[in-house]
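K.L.:
The following file, query-v7.txt, comprises compact mmCIF, C-alpha atoms:
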```
# COMPACT_ATOMS: atom_id res chain seq x y z
CA MET A 1 9.26 64.11 -53.48
CA ARG A 2 11.74 61.80 -55.26
CA LEU A 3 11.31 60.30 -58.73
CA TYR A 4 12.43 56.88 -60.08
CA SER A 5 11.77 55.04 -63.34
CA PHE A 6 13.30 51.72 -64.42
CA LYS A 7 13.02 53.06 -67.95
CA GLU A 8 15.74 55.56 -67.00
CA THR A 9 18.28 52.94 -65.86
CA THR A 10 21.14 51.47 -67.87
CA LEU A 11 23.04 48.22 -67.38
CA VAL A 12 26.24 47.85 -69.39
CA VAL A 13 28.02 44.47 -69.49
CA ALA A 14 31.37 44.22 -71.26
CA GLY A 15 30.75 47.57 -72.95
CA LEU A 16 27.31 46.74 -74.37
CA GLU A 17 23.95 47.89 -72.99
CA ILE A 18 21.67 45.07 -71.85
CA THR A 19 18.04 45.23 -73.01
CA GLY A 20 14.90 43.12 -72.69
CA PHE A 21 14.53 42.93 -68.91
CA ASP A 22 11.62 40.98 -67.47
CA GLU A 23 8.77 42.75 -65.68
CA SER A 24 9.67 41.77 -62.10
CA ASP A 25 10.40 44.22 -59.28
CA ASP A 26 13.89 42.71 -58.94
CA SER A 27 15.01 42.62 -62.58
CA ILE A 28 18.48 43.77 -61.48
CA VAL A 29 20.02 42.99 -58.08
CA MET A 30 23.49 44.25 -57.10
CA ARG A 31 25.13 43.19 -53.85
CA ARG A 32 28.42 42.55 -52.12
CA LEU A 33 29.23 38.90 -51.53
CA GLU A 34 30.24 39.47 -47.90
CA ASP A 35 29.62 41.99 -45.14
CA SER A 36 31.99 44.95 -45.36
CA MET A 37 32.53 44.99 -41.61
CA GLY A 38 32.21 42.61 -38.71
CA HIS A 39 32.92 42.27 -35.05
CA GLN A 40 34.10 39.98 -32.31
CA ILE A 41 32.99 40.16 -28.68
CA GLY A 42 35.53 39.11 -26.07
CA ASN A 43 34.66 37.03 -23.01
CA LYS A 44 34.57 40.23 -20.91
CA GLY A 45 32.15 41.97 -23.25
CA GLU A 46 34.61 44.17 -25.13
CA MET A 47 34.02 44.46 -28.86
CA ALA A 48 36.58 44.60 -31.67
CA VAL A 49 35.40 45.78 -35.10
CA TRP A 50 37.15 44.83 -38.31
CA VAL A 51 36.88 45.93 -41.94
CA ARG A 52 36.94 43.25 -44.62
CA ALA A 53 39.36 43.85 -47.50
CA SER A 54 37.12 42.12 -50.04
CA LYS A 55 34.74 44.27 -52.03
CA ALA A 56 33.72 41.39 -54.31
CA GLY A 57 30.16 41.61 -55.53
CA GLU A 58 27.51 40.08 -57.71
CA ILE A 59 25.01 41.44 -60.16
CA VAL A 60 22.02 39.25 -61.00
CA PHE A 61 19.65 40.28 -63.78
CA LYS A 62 16.57 38.76 -65.36
CA LEU A 63 15.92 39.01 -69.09
CA MET A 64 12.85 38.01 -71.03
CA GLN A 65 13.51 34.77 -72.92
CA THR A 66 13.09 36.82 -76.12
CA SER A 67 15.92 39.26 -75.31
CA SER A 68 18.70 39.10 -77.91
CA ASP A 69 21.21 39.60 -75.08
CA ASN A 70 20.58 35.99 -73.97
CA GLN A 71 22.39 34.83 -77.09
CA ARG A 72 25.32 37.18 -76.55
CA LEU A 73 25.69 36.09 -72.92
CA SER A 74 25.35 32.41 -73.89
CA LEU A 75 28.16 32.80 -76.44
CA ALA A 76 30.38 34.53 -73.85
CA MET A 77 29.68 31.70 -71.39
CA ALA A 78 30.50 29.03 -73.99
CA ALA A 79 33.73 30.83 -74.92
CA ALA A 80 34.81 31.03 -71.26
CA GLU A 81 34.01 27.35 -70.69
CA ASN A 82 36.23 26.52 -73.68
CA GLY A 83 39.26 28.49 -72.49
CA LEU A 84 38.55 31.90 -74.05
CA PHE A 85 37.95 33.72 -70.78
CA VAL A 86 37.78 37.52 -70.93
CA PRO A 87 37.07 39.47 -67.70
CA ILE A 88 33.68 41.22 -67.79
CA PRO A 89 33.22 44.74 -66.38
CA VAL A 90 29.71 45.90 -65.40
CA LEU A 91 28.15 49.34 -64.94
CA PHE A 92 24.68 50.18 -63.65
CA LYS A 93 23.45 53.75 -63.79
CA ASP A 94 20.18 55.31 -62.72
CA ASN A 95 20.15 58.15 -65.25
CA LEU A 96 17.34 59.94 -63.44
CA GLY A 97 18.36 59.39 -59.82
CA GLY A 98 22.13 59.45 -60.19
CA ASP A 99 22.99 56.05 -58.64
CA ILE A 100 26.11 54.41 -60.12
CA ILE A 101 27.29 50.88 -59.37
CA THR A 102 30.46 49.56 -60.97
CA GLY A 103 32.07 46.15 -61.03
CA ASN A 104 35.45 45.26 -62.47
CA ARG A 105 36.98 42.00 -63.67
CA GLY A 106 33.94 39.75 -63.48
CA TYR A 107 32.87 36.40 -64.82
CA LEU A 108 29.55 34.76 -65.69
CA ARG A 109 28.78 32.31 -62.91
CA LYS A 110 26.90 29.79 -65.09
CA PRO A 111 24.56 29.63 -68.08
CA ALA A 112 21.05 30.90 -67.39
CA ASP A 113 18.56 28.24 -66.35
CA ILE A 114 16.07 27.44 -69.10
CA GLN A 115 12.37 27.06 -68.39
CA ARG A 116 9.53 27.03 -70.89
CA GLY A 117 5.78 27.01 -70.45
CA THR A 118 2.62 28.46 -71.94
CA ALA A 119 3.84 32.06 -71.57
CA THR A 120 7.24 33.64 -72.07
CA GLY A 121 9.63 33.20 -69.19
CA SER A 122 12.77 34.82 -67.81
CA GLN A 123 16.45 33.97 -68.08
CA THR A 124 18.46 34.83 -64.94
CA TRP A 125 22.14 35.71 -65.37
CA GLY A 126 24.73 36.29 -62.64
CA ILE A 127 28.11 38.00 -62.88
CA VAL A 128 30.57 37.93 -59.99
CA VAL A 129 33.07 40.80 -59.90
CA GLU A 130 36.31 41.23 -58.00
CA ARG A 131 35.32 44.69 -56.77
CA MET A 132 31.87 46.31 -56.66
CA ASP A 133 31.53 49.98 -55.73
CA PHE A 134 28.29 51.80 -54.94
CA VAL A 135 27.56 55.53 -55.28
CA LEU A 136 23.93 56.08 -54.27
CA ALA A 137 22.52 59.52 -54.95
CA GLY A 138 19.02 59.03 -53.53
CA GLY A 139 16.92 59.96 -56.55
CA GLN A 140 15.91 63.11 -58.33
CA GLU A 141 13.94 65.69 -56.37
CA VAL A 142 10.80 66.92 -58.15
```
How would this structure read if it were set down as structure tokens?
P.N.:
Amino acid sequence: MRLYSFKETTLVVAGLEITGFDESDDSIVMRRLEDSMGHQIGNKGEMAVWVRASKAGEIVFKLMQTSSDNQRLSLAMAAAENGLFVPIPVLFKDNLGGDIITGNRGYLRKPADIQRGTATGSQTWGIVVERMDFVLAGGQEV
């Protein structure tokens, strides 16, 4: 049997741990922007396989509207839009299961969309990184 708990995960953006995630099943999504490999089939049926050089990726995360990290990310976005761009590294770690995902030299894609209603909502942030690497451990055996 394998064990997982979101409570035992950590997301670090620009050296600071992010807190106040929403309650969805996809509070954090990490993915490459393009397929790592591809192929071409010739007119006689032969296949050529190629490896893409790009390892660019994206991390998208949802915070409760009450998370104090929304303010920090908003200030970083405003600074970048006004010429004070600083590359943003990201690190995700499953402290229980051993998964580690890293991203270097990233940027905030845009300010989080704002929506308000009768209950608290979520703010969705996206960071695109030049290189995203995945080390998946498969979870802790119990």
K.L.:
From the set A:Val49, A:Ile28, A:Val142, A:Val13, which residue has the shortest atom-to-atom contact distance to Leu96 in chain A, counting all atoms listed in the file?
P.N.:
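Closest candidate: A:Val142.
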K.L.:
So which residues touch range 114-121 of chain A within 10 Å, counting only C-alpha atoms, skipping near sequence neighbours fewer than 4 positions away, as a PyMOL selection string?
P.N.:
chain A and resi 22+62-66
K.L.:
Hey, can you pull every residue with an atom no more than 8 Å from (33.8, 44.8, -66.7), using all atoms listed in the file, and send it as a list in words?
P.N.:
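All residues meeting the 8 Å criterion around (33.8, 44.8, -66.7) are Val13, Ala14, Gly15, Pro87, Ile88, Pro89, Val90, Leu91, Gly103, Asn104, Arg105, Gly106 and Val129 of chain A.
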K.L.:
State, in Å with one decimal place, the distance from CA of Ile100 in chain A to CA of Leu136 in chain A.
P.N.:
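Separation of CA of Ile100 in chain A and CA of Leu136 in chain A: 6.5 Å.
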K.L.:
Set out as a tab-separated table a contact list for range 14-81 of chain A and range 130-134 of chain A with a cut-off of 6 Å, giving each residue of range 14-81 of chain A that qualifies its closest atom pair and distance in Å to one decimal, counting all atoms listed in the file, ordered by chain and rising residue number.
P.N.:
```
residue	atom	partner	partner_atom	distance
A:Lys55	CA	A:Arg131	CA	4.8
A:Ala56	CA	A:Arg131	CA	4.4
A:Gly57	CA	A:Met132	CA	5.1
```
K.L.:
Could you write out as AutoDock Vina command-line options the box around range 33-39 of chain A (axis-aligned, all atoms listed in the file, 8 Å on each side), with centre and edge lengths in Å to one decimal?
P.N.:
```
--center_x 31.1 --center_y 41.9 --center_z -43.3 --size_x 19.7 --size_y 22.1 --size_z 32.5
```
K.L.:
Expressed in Å to a single decimal, how great is the separation between CA of Val86 in chain A and CA of Gly98 in chain A?
P.N.:
29.0 Å
K.L.:
Interatomic distance between CA of Asn95 in chain A and CA of Asn70 in chain A?
P.N.:
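For CA of Asn95 in chain A relative to CA of Asn70 in chain A, the distance reads 23.8 Å.
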